Amino acid sequence: MRLYSYWRSSAAYRVRIALNLKQIEYQLVPVNLTADAHRSDEYLDSNPQGLVPALEHDGVVFSQSLSIIEYLDSVAAKPLMLPRNPVARAHVAAMAQAIACDIHPLNNLRVTNYLKLELGQGPSAVQGWYSHWIEQGFTALETWAETYSEKRRYLYGDSVSLADVCLVPQVYNARRFDISLDAFPNLVAIDSHLQSLPEVIAAAPDRQADAG
């Protein structure tokens, strides 16, 4: 497997965690977003959206982090990122999508760059935008964690899932942008446990070959 990744991409971070948890060996292919490497003709030919991550396996290129991780479940079942139980699967998918579809896209680099460069918003306005969507999304996740987390080790039940794989990068981003997490003790506790796992540690942005 070849993973096209950028060290600070939250979506790529998710896939690195999943690959590590499943103990799947892969070759990391850095794609420098700041140098527009994702806009090269070669990369667009294989991934028309021009985003990271992309995963190449057996000559097929897969895009979109949640779809990639779902594919990985079919390749290596342990640990399952999406539970087989229909109720558990639906709850886990909802929490993962709340992060990947509702929080992350609004705080993505291309969105914050558009706010700054195209709409002329200053640092305080961009920070306010970022804080608003993190806090709104984390408020719902905090409630879900209170309801579904058994021991404040994982977002759902007492085993790792797609929801956790999405949470770790989003908490990393919140801390990176100095967002207070005081109102989210369940999320902080869950993230703290996840950050103790060697597979999660190895996936951290500052441990990637292209970090800098």
# chains A, B, ... in the order shown; residues from 1 in each chain; ligands from 1
>>> closest_atom_pairs(of="stretch 154-197 of chain A", to="stretch 56-66 of chain A", cutoff="10 Å", atoms="only C-alpha atoms", output="tab-separated table")
residue	atom	partner	partner_atom	distance
A:Leu162	CA	A:Leu66	CA	8.1
A:Val165	CA	A:Leu66	CA	9.8
A:Cys166	CA	A:Leu66	CA	8.9
>>> write_last_selection(atoms="N, CA and C atoms", output="PDB file, in the first residue's frame")
ATOM      1  N   LEU A 162     -13.811   3.974  14.431  1.00  0.00           N
ATOM      2  CA  LEU A 162     -13.639   5.082  13.489  1.00  0.00           C
ATOM      3  C   LEU A 162     -13.839   6.427  14.170  1.00  0.00           C
ATOM      4  N   VAL A 165     -10.596   7.426  15.763  1.00  0.00           N
ATOM      5  CA  VAL A 165      -9.606   7.744  14.727  1.00  0.00           C
ATOM      6  C   VAL A 165      -9.830   9.167  14.195  1.00  0.00           C
ATOM      7  N   CYS A 166     -11.083   9.601  14.182  1.00  0.00           N
ATOM      8  CA  CYS A 166     -11.395  10.966  13.759  1.00  0.00           C
ATOM      9  C   CYS A 166     -11.184  11.980  14.882  1.00  0.00           C
TER      10      CYS A 166
END
>>> select_by_dssp(residues="chain A", states="alpha helix (DSSP H)", output="MDAnalysis selection string")
chainID A and resid 10:21 41:46 65:75 86:97 109:113 123:148 162:176 185:194 198:203
>>> closest_atom_pairs(of="stretch 88-144 of chain A", to="stretch 182-203 of chain A", cutoff="9 Å", atoms="only C-alpha atoms", output="JSON lines")
{"residue": "A:Glu135", "atom": "CA", "partner": "A:Ala183", "partner_atom": "CA", "distance": 8.8}
{"residue": "A:Phe138", "atom": "CA", "partner": "A:Phe184", "partner_atom": "CA", "distance": 7.2}
{"residue": "A:Thr139", "atom": "CA", "partner": "A:Phe184", "partner_atom": "CA", "distance": 7.2}
{"residue": "A:Leu141", "atom": "CA", "partner": "A:Leu187", "partner_atom": "CA", "distance": 7.6}
{"residue": "A:Glu142", "atom": "CA", "partner": "A:Phe184", "partner_atom": "CA", "distance": 5.8}
{"residue": "A:Thr143", "atom": "CA", "partner": "A:Asn186", "partner_atom": "CA", "distance": 8.6}
>>> closest_residue(among="A:Ile24, A:Ser10, A:Leu82, A:Glu118", to="A:Pro105", atoms="only C-alpha atoms")
A:Ser10
>>> residues_around(residues="A:Leu55", least_positions_apart="3", cutoff="12 Å", atoms="only C-alpha atoms", output="number ranges by chain")
A: 1-5, 11-12, 15-16, 19, 26-30, 43, 46-47, 51-52, 58-69, 71-72
>>> select_by_dssp(residues="chain A", states="strand (DSSP E)", output="NGL selection string")
:A and (2-5 or 27-30 or 54-57 or 60-63)
>>> closest_residue(among="A:Lys116, A:Gln121, A:Gly137, A:Ser74", to="A:Cys101", atoms="only C-alpha atoms")
A:Gly137
>>> closest_residue(among="A:Phe177, A:Leu80, A:Asn85, A:Val111", to="A:Ser159", atoms="only C-alpha atoms")
A:Leu80
>>> residues_around(residues="A:Met95", least_positions_apart="3", cutoff="10 Å", atoms="only C-alpha atoms", output="list in words")
Ala90, His91, Val92, Ala98, Ile99, Ala100, Cys101, Gly137, Ala140, Leu141, Trp144, Ala145, Leu155, Tyr156, Leu162, Ala163, Asp164, Cys166 and Leu167 of chain A
>>> decode(residues="stretch 22-62 of chain A", atoms="N, CA and C atoms", output="PDB file, in the first residue's frame")
ATOM      1  N   LYS A  22      -4.241  -1.404  12.616  1.00  0.00           N
ATOM      2  CA  LYS A  22      -4.443  -2.672  11.923  1.00  0.00           C
ATOM      3  C   LYS A  22      -3.131  -3.371  11.579  1.00  0.00           C
ATOM      4  N   GLN A  23      -2.017  -2.715  11.915  1.00  0.00           N
ATOM      5  CA  GLN A  23      -0.680  -3.261  11.665  1.00  0.00           C
ATOM      6  C   GLN A  23      -0.479  -3.593  10.186  1.00  0.00           C
ATOM      7  N   ILE A  24      -0.934  -2.685   9.352  1.00  0.00           N
ATOM      8  CA  ILE A  24      -0.764  -2.827   7.906  1.00  0.00           C
ATOM      9  C   ILE A  24       0.473  -2.031   7.491  1.00  0.00           C
ATOM     10  N   GLU A  25       1.404  -2.676   6.834  1.00  0.00           N
ATOM     11  CA  GLU A  25       2.587  -1.973   6.348  1.00  0.00           C
ATOM     12  C   GLU A  25       2.234  -1.143   5.114  1.00  0.00           C
ATOM     13  N   TYR A  26       2.800   0.038   5.039  1.00  0.00           N
ATOM     14  CA  TYR A  26       2.519   0.907   3.897  1.00  0.00           C
ATOM     15  C   TYR A  26       3.704   1.827   3.632  1.00  0.00           C
ATOM     16  N   GLN A  27       3.759   2.303   2.415  1.00  0.00           N
ATOM     17  CA  GLN A  27       4.778   3.276   2.031  1.00  0.00           C
ATOM     18  C   GLN A  27       4.152   4.664   2.069  1.00  0.00           C
ATOM     19  N   LEU A  28       4.766   5.560   2.812  1.00  0.00           N
ATOM     20  CA  LEU A  28       4.274   6.937   2.894  1.00  0.00           C
ATOM     21  C   LEU A  28       4.819   7.749   1.729  1.00  0.00           C
ATOM     22  N   VAL A  29       3.917   8.401   0.997  1.00  0.00           N
ATOM     23  CA  VAL A  29       4.309   9.264  -0.120  1.00  0.00           C
ATOM     24  C   VAL A  29       3.891  10.687   0.234  1.00  0.00           C
ATOM     25  N   PRO A  30       4.828  11.543   0.663  1.00  0.00           N
ATOM     26  CA  PRO A  30       4.462  12.904   1.055  1.00  0.00           C
ATOM     27  C   PRO A  30       3.961  13.722  -0.132  1.00  0.00           C
ATOM     28  N   VAL A  31       2.910  14.487   0.108  1.00  0.00           N
ATOM     29  CA  VAL A  31       2.357  15.415  -0.887  1.00  0.00           C
ATOM     30  C   VAL A  31       2.333  16.784  -0.223  1.00  0.00           C
ATOM     31  N   ASN A  32       3.198  17.665  -0.677  1.00  0.00           N
ATOM     32  CA  ASN A  32       3.349  18.976  -0.032  1.00  0.00           C
ATOM     33  C   ASN A  32       2.222  19.919  -0.454  1.00  0.00           C
ATOM     34  N   LEU A  33       1.252  20.094   0.421  1.00  0.00           N
ATOM     35  CA  LEU A  33       0.110  20.944   0.086  1.00  0.00           C
ATOM     36  C   LEU A  33       0.504  22.404  -0.034  1.00  0.00           C
ATOM     37  N   THR A  34       1.503  22.827   0.735  1.00  0.00           N
ATOM     38  CA  THR A  34       1.901  24.230   0.681  1.00  0.00           C
ATOM     39  C   THR A  34       2.619  24.578  -0.624  1.00  0.00           C
ATOM     40  N   ALA A  35       3.120  23.574  -1.317  1.00  0.00           N
ATOM     41  CA  ALA A  35       3.783  23.785  -2.608  1.00  0.00           C
ATOM     42  C   ALA A  35       2.890  23.365  -3.771  1.00  0.00           C
ATOM     43  N   ASP A  36       1.606  23.138  -3.486  1.00  0.00           N
ATOM     44  CA  ASP A  36       0.624  22.769  -4.511  1.00  0.00           C
ATOM     45  C   ASP A  36       0.962  21.473  -5.237  1.00  0.00           C
ATOM     46  N   ALA A  37       1.658  20.560  -4.538  1.00  0.00           N
ATOM     47  CA  ALA A  37       1.978  19.272  -5.168  1.00  0.00           C
ATOM     48  C   ALA A  37       0.712  18.483  -5.482  1.00  0.00           C
ATOM     49  N   HIS A  38      -0.351  18.760  -4.726  1.00  0.00           N
ATOM     50  CA  HIS A  38      -1.614  18.049  -4.945  1.00  0.00           C
ATOM     51  C   HIS A  38      -2.342  18.534  -6.190  1.00  0.00           C
ATOM     52  N   ARG A  39      -1.823  19.595  -6.807  1.00  0.00           N
ATOM     53  CA  ARG A  39      -2.429  20.132  -8.024  1.00  0.00           C
ATOM     54  C   ARG A  39      -1.671  19.734  -9.280  1.00  0.00           C
ATOM     55  N   SER A  40      -0.676  18.901  -9.130  1.00  0.00           N
ATOM     56  CA  SER A  40       0.089  18.451 -10.296  1.00  0.00           C
ATOM     57  C   SER A  40      -0.783  17.559 -11.172  1.00  0.00           C
ATOM     58  N   ASP A  41      -0.496  17.566 -12.461  1.00  0.00           N
ATOM     59  CA  ASP A  41      -1.270  16.732 -13.392  1.00  0.00           C
ATOM     60  C   ASP A  41      -1.191  15.259 -13.006  1.00  0.00           C
ATOM     61  N   GLU A  42      -0.014  14.833 -12.579  1.00  0.00           N
ATOM     62  CA  GLU A  42       0.183  13.432 -12.223  1.00  0.00           C
ATOM     63  C   GLU A  42      -0.720  13.035 -11.053  1.00  0.00           C
ATOM     64  N   TYR A  43      -0.774  13.894 -10.034  1.00  0.00           N
ATOM     65  CA  TYR A  43      -1.593  13.559  -8.865  1.00  0.00           C
ATOM     66  C   TYR A  43      -3.081  13.640  -9.193  1.00  0.00           C
ATOM     67  N   LEU A  44      -3.477  14.646  -9.970  1.00  0.00           N
ATOM     68  CA  LEU A  44      -4.884  14.791 -10.332  1.00  0.00           C
ATOM     69  C   LEU A  44      -5.370  13.644 -11.217  1.00  0.00           C
ATOM     70  N   ASP A  45      -4.468  13.073 -11.996  1.00  0.00           N
ATOM     71  CA  ASP A  45      -4.846  11.930 -12.829  1.00  0.00           C
ATOM     72  C   ASP A  45      -5.300  10.750 -11.970  1.00  0.00           C
ATOM     73  N   SER A  46      -4.665  10.582 -10.819  1.00  0.00           N
ATOM     74  CA  SER A  46      -5.011   9.448  -9.954  1.00  0.00           C
ATOM     75  C   SER A  46      -6.061   9.814  -8.913  1.00  0.00           C
ATOM     76  N   ASN A  47      -6.123  11.095  -8.553  1.00  0.00           N
ATOM     77  CA  ASN A  47      -7.061  11.554  -7.528  1.00  0.00           C
ATOM     78  C   ASN A  47      -7.643  12.893  -7.979  1.00  0.00           C
ATOM     79  N   PRO A  48      -8.724  12.880  -8.741  1.00  0.00           N
ATOM     80  CA  PRO A  48      -9.255  14.096  -9.381  1.00  0.00           C
ATOM     81  C   PRO A  48      -9.607  15.229  -8.420  1.00  0.00           C
ATOM     82  N   GLN A  49      -9.897  14.913  -7.150  1.00  0.00           N
ATOM     83  CA  GLN A  49     -10.185  15.983  -6.197  1.00  0.00           C
ATOM     84  C   GLN A  49      -8.935  16.761  -5.826  1.00  0.00           C
ATOM     85  N   GLY A  50      -7.795  16.140  -6.006  1.00  0.00           N
ATOM     86  CA  GLY A  50      -6.553  16.810  -5.640  1.00  0.00           C
ATOM     87  C   GLY A  50      -6.388  17.001  -4.149  1.00  0.00           C
ATOM     88  N   LEU A  51      -6.916  16.078  -3.366  1.00  0.00           N
ATOM     89  CA  LEU A  51      -6.825  16.172  -1.913  1.00  0.00           C
ATOM     90  C   LEU A  51      -5.989  15.025  -1.361  1.00  0.00           C
ATOM     91  N   VAL A  52      -5.606  15.139  -0.101  1.00  0.00           N
ATOM     92  CA  VAL A  52      -5.008  14.021   0.617  1.00  0.00           C
ATOM     93  C   VAL A  52      -5.948  13.673   1.761  1.00  0.00           C
ATOM     94  N   PRO A  53      -5.962  12.393   2.119  1.00  0.00           N
ATOM     95  CA  PRO A  53      -5.114  11.313   1.643  1.00  0.00           C
ATOM     96  C   PRO A  53      -5.674  10.648   0.395  1.00  0.00           C
ATOM     97  N   ALA A  54      -4.804   9.860  -0.211  1.00  0.00           N
ATOM     98  CA  ALA A  54      -5.206   8.882  -1.221  1.00  0.00           C
ATOM     99  C   ALA A  54      -4.434   7.614  -0.898  1.00  0.00           C
ATOM    100  N   LEU A  55      -5.072   6.492  -1.109  1.00  0.00           N
ATOM    101  CA  LEU A  55      -4.434   5.209  -0.828  1.00  0.00           C
ATOM    102  C   LEU A  55      -4.409   4.384  -2.098  1.00  0.00           C
ATOM    103  N   GLU A  56      -3.216   3.925  -2.465  1.00  0.00           N
ATOM    104  CA  GLU A  56      -3.055   3.062  -3.639  1.00  0.00           C
ATOM    105  C   GLU A  56      -2.809   1.631  -3.174  1.00  0.00           C
ATOM    106  N   HIS A  57      -3.633   0.708  -3.670  1.00  0.00           N
ATOM    107  CA  HIS A  57      -3.490  -0.695  -3.281  1.00  0.00           C
ATOM    108  C   HIS A  57      -3.867  -1.575  -4.466  1.00  0.00           C
ATOM    109  N   ASP A  58      -2.964  -2.439  -4.842  1.00  0.00           N
ATOM    110  CA  ASP A  58      -3.190  -3.358  -5.960  1.00  0.00           C
ATOM    111  C   ASP A  58      -3.610  -2.621  -7.227  1.00  0.00           C
ATOM    112  N   GLY A  59      -2.971  -1.480  -7.461  1.00  0.00           N
ATOM    113  CA  GLY A  59      -3.226  -0.724  -8.684  1.00  0.00           C
ATOM    114  C   GLY A  59      -4.471   0.136  -8.669  1.00  0.00           C
ATOM    115  N   VAL A  60      -5.186   0.154  -7.543  1.00  0.00           N
ATOM    116  CA  VAL A  60      -6.407   0.955  -7.424  1.00  0.00           C
ATOM    117  C   VAL A  60      -6.142   2.092  -6.443  1.00  0.00           C
ATOM    118  N   VAL A  61      -6.618   3.308  -6.789  1.00  0.00           N
ATOM    119  CA  VAL A  61      -6.450   4.458  -5.907  1.00  0.00           C
ATOM    120  C   VAL A  61      -7.787   4.779  -5.243  1.00  0.00           C
ATOM    121  N   PHE A  62      -7.750   4.860  -3.921  1.00  0.00           N
ATOM    122  CA  PHE A  62      -8.938   5.190  -3.136  1.00  0.00           C
ATOM    123  C   PHE A  62      -8.765   6.584  -2.537  1.00  0.00           C
TER     124      PHE A  62
END
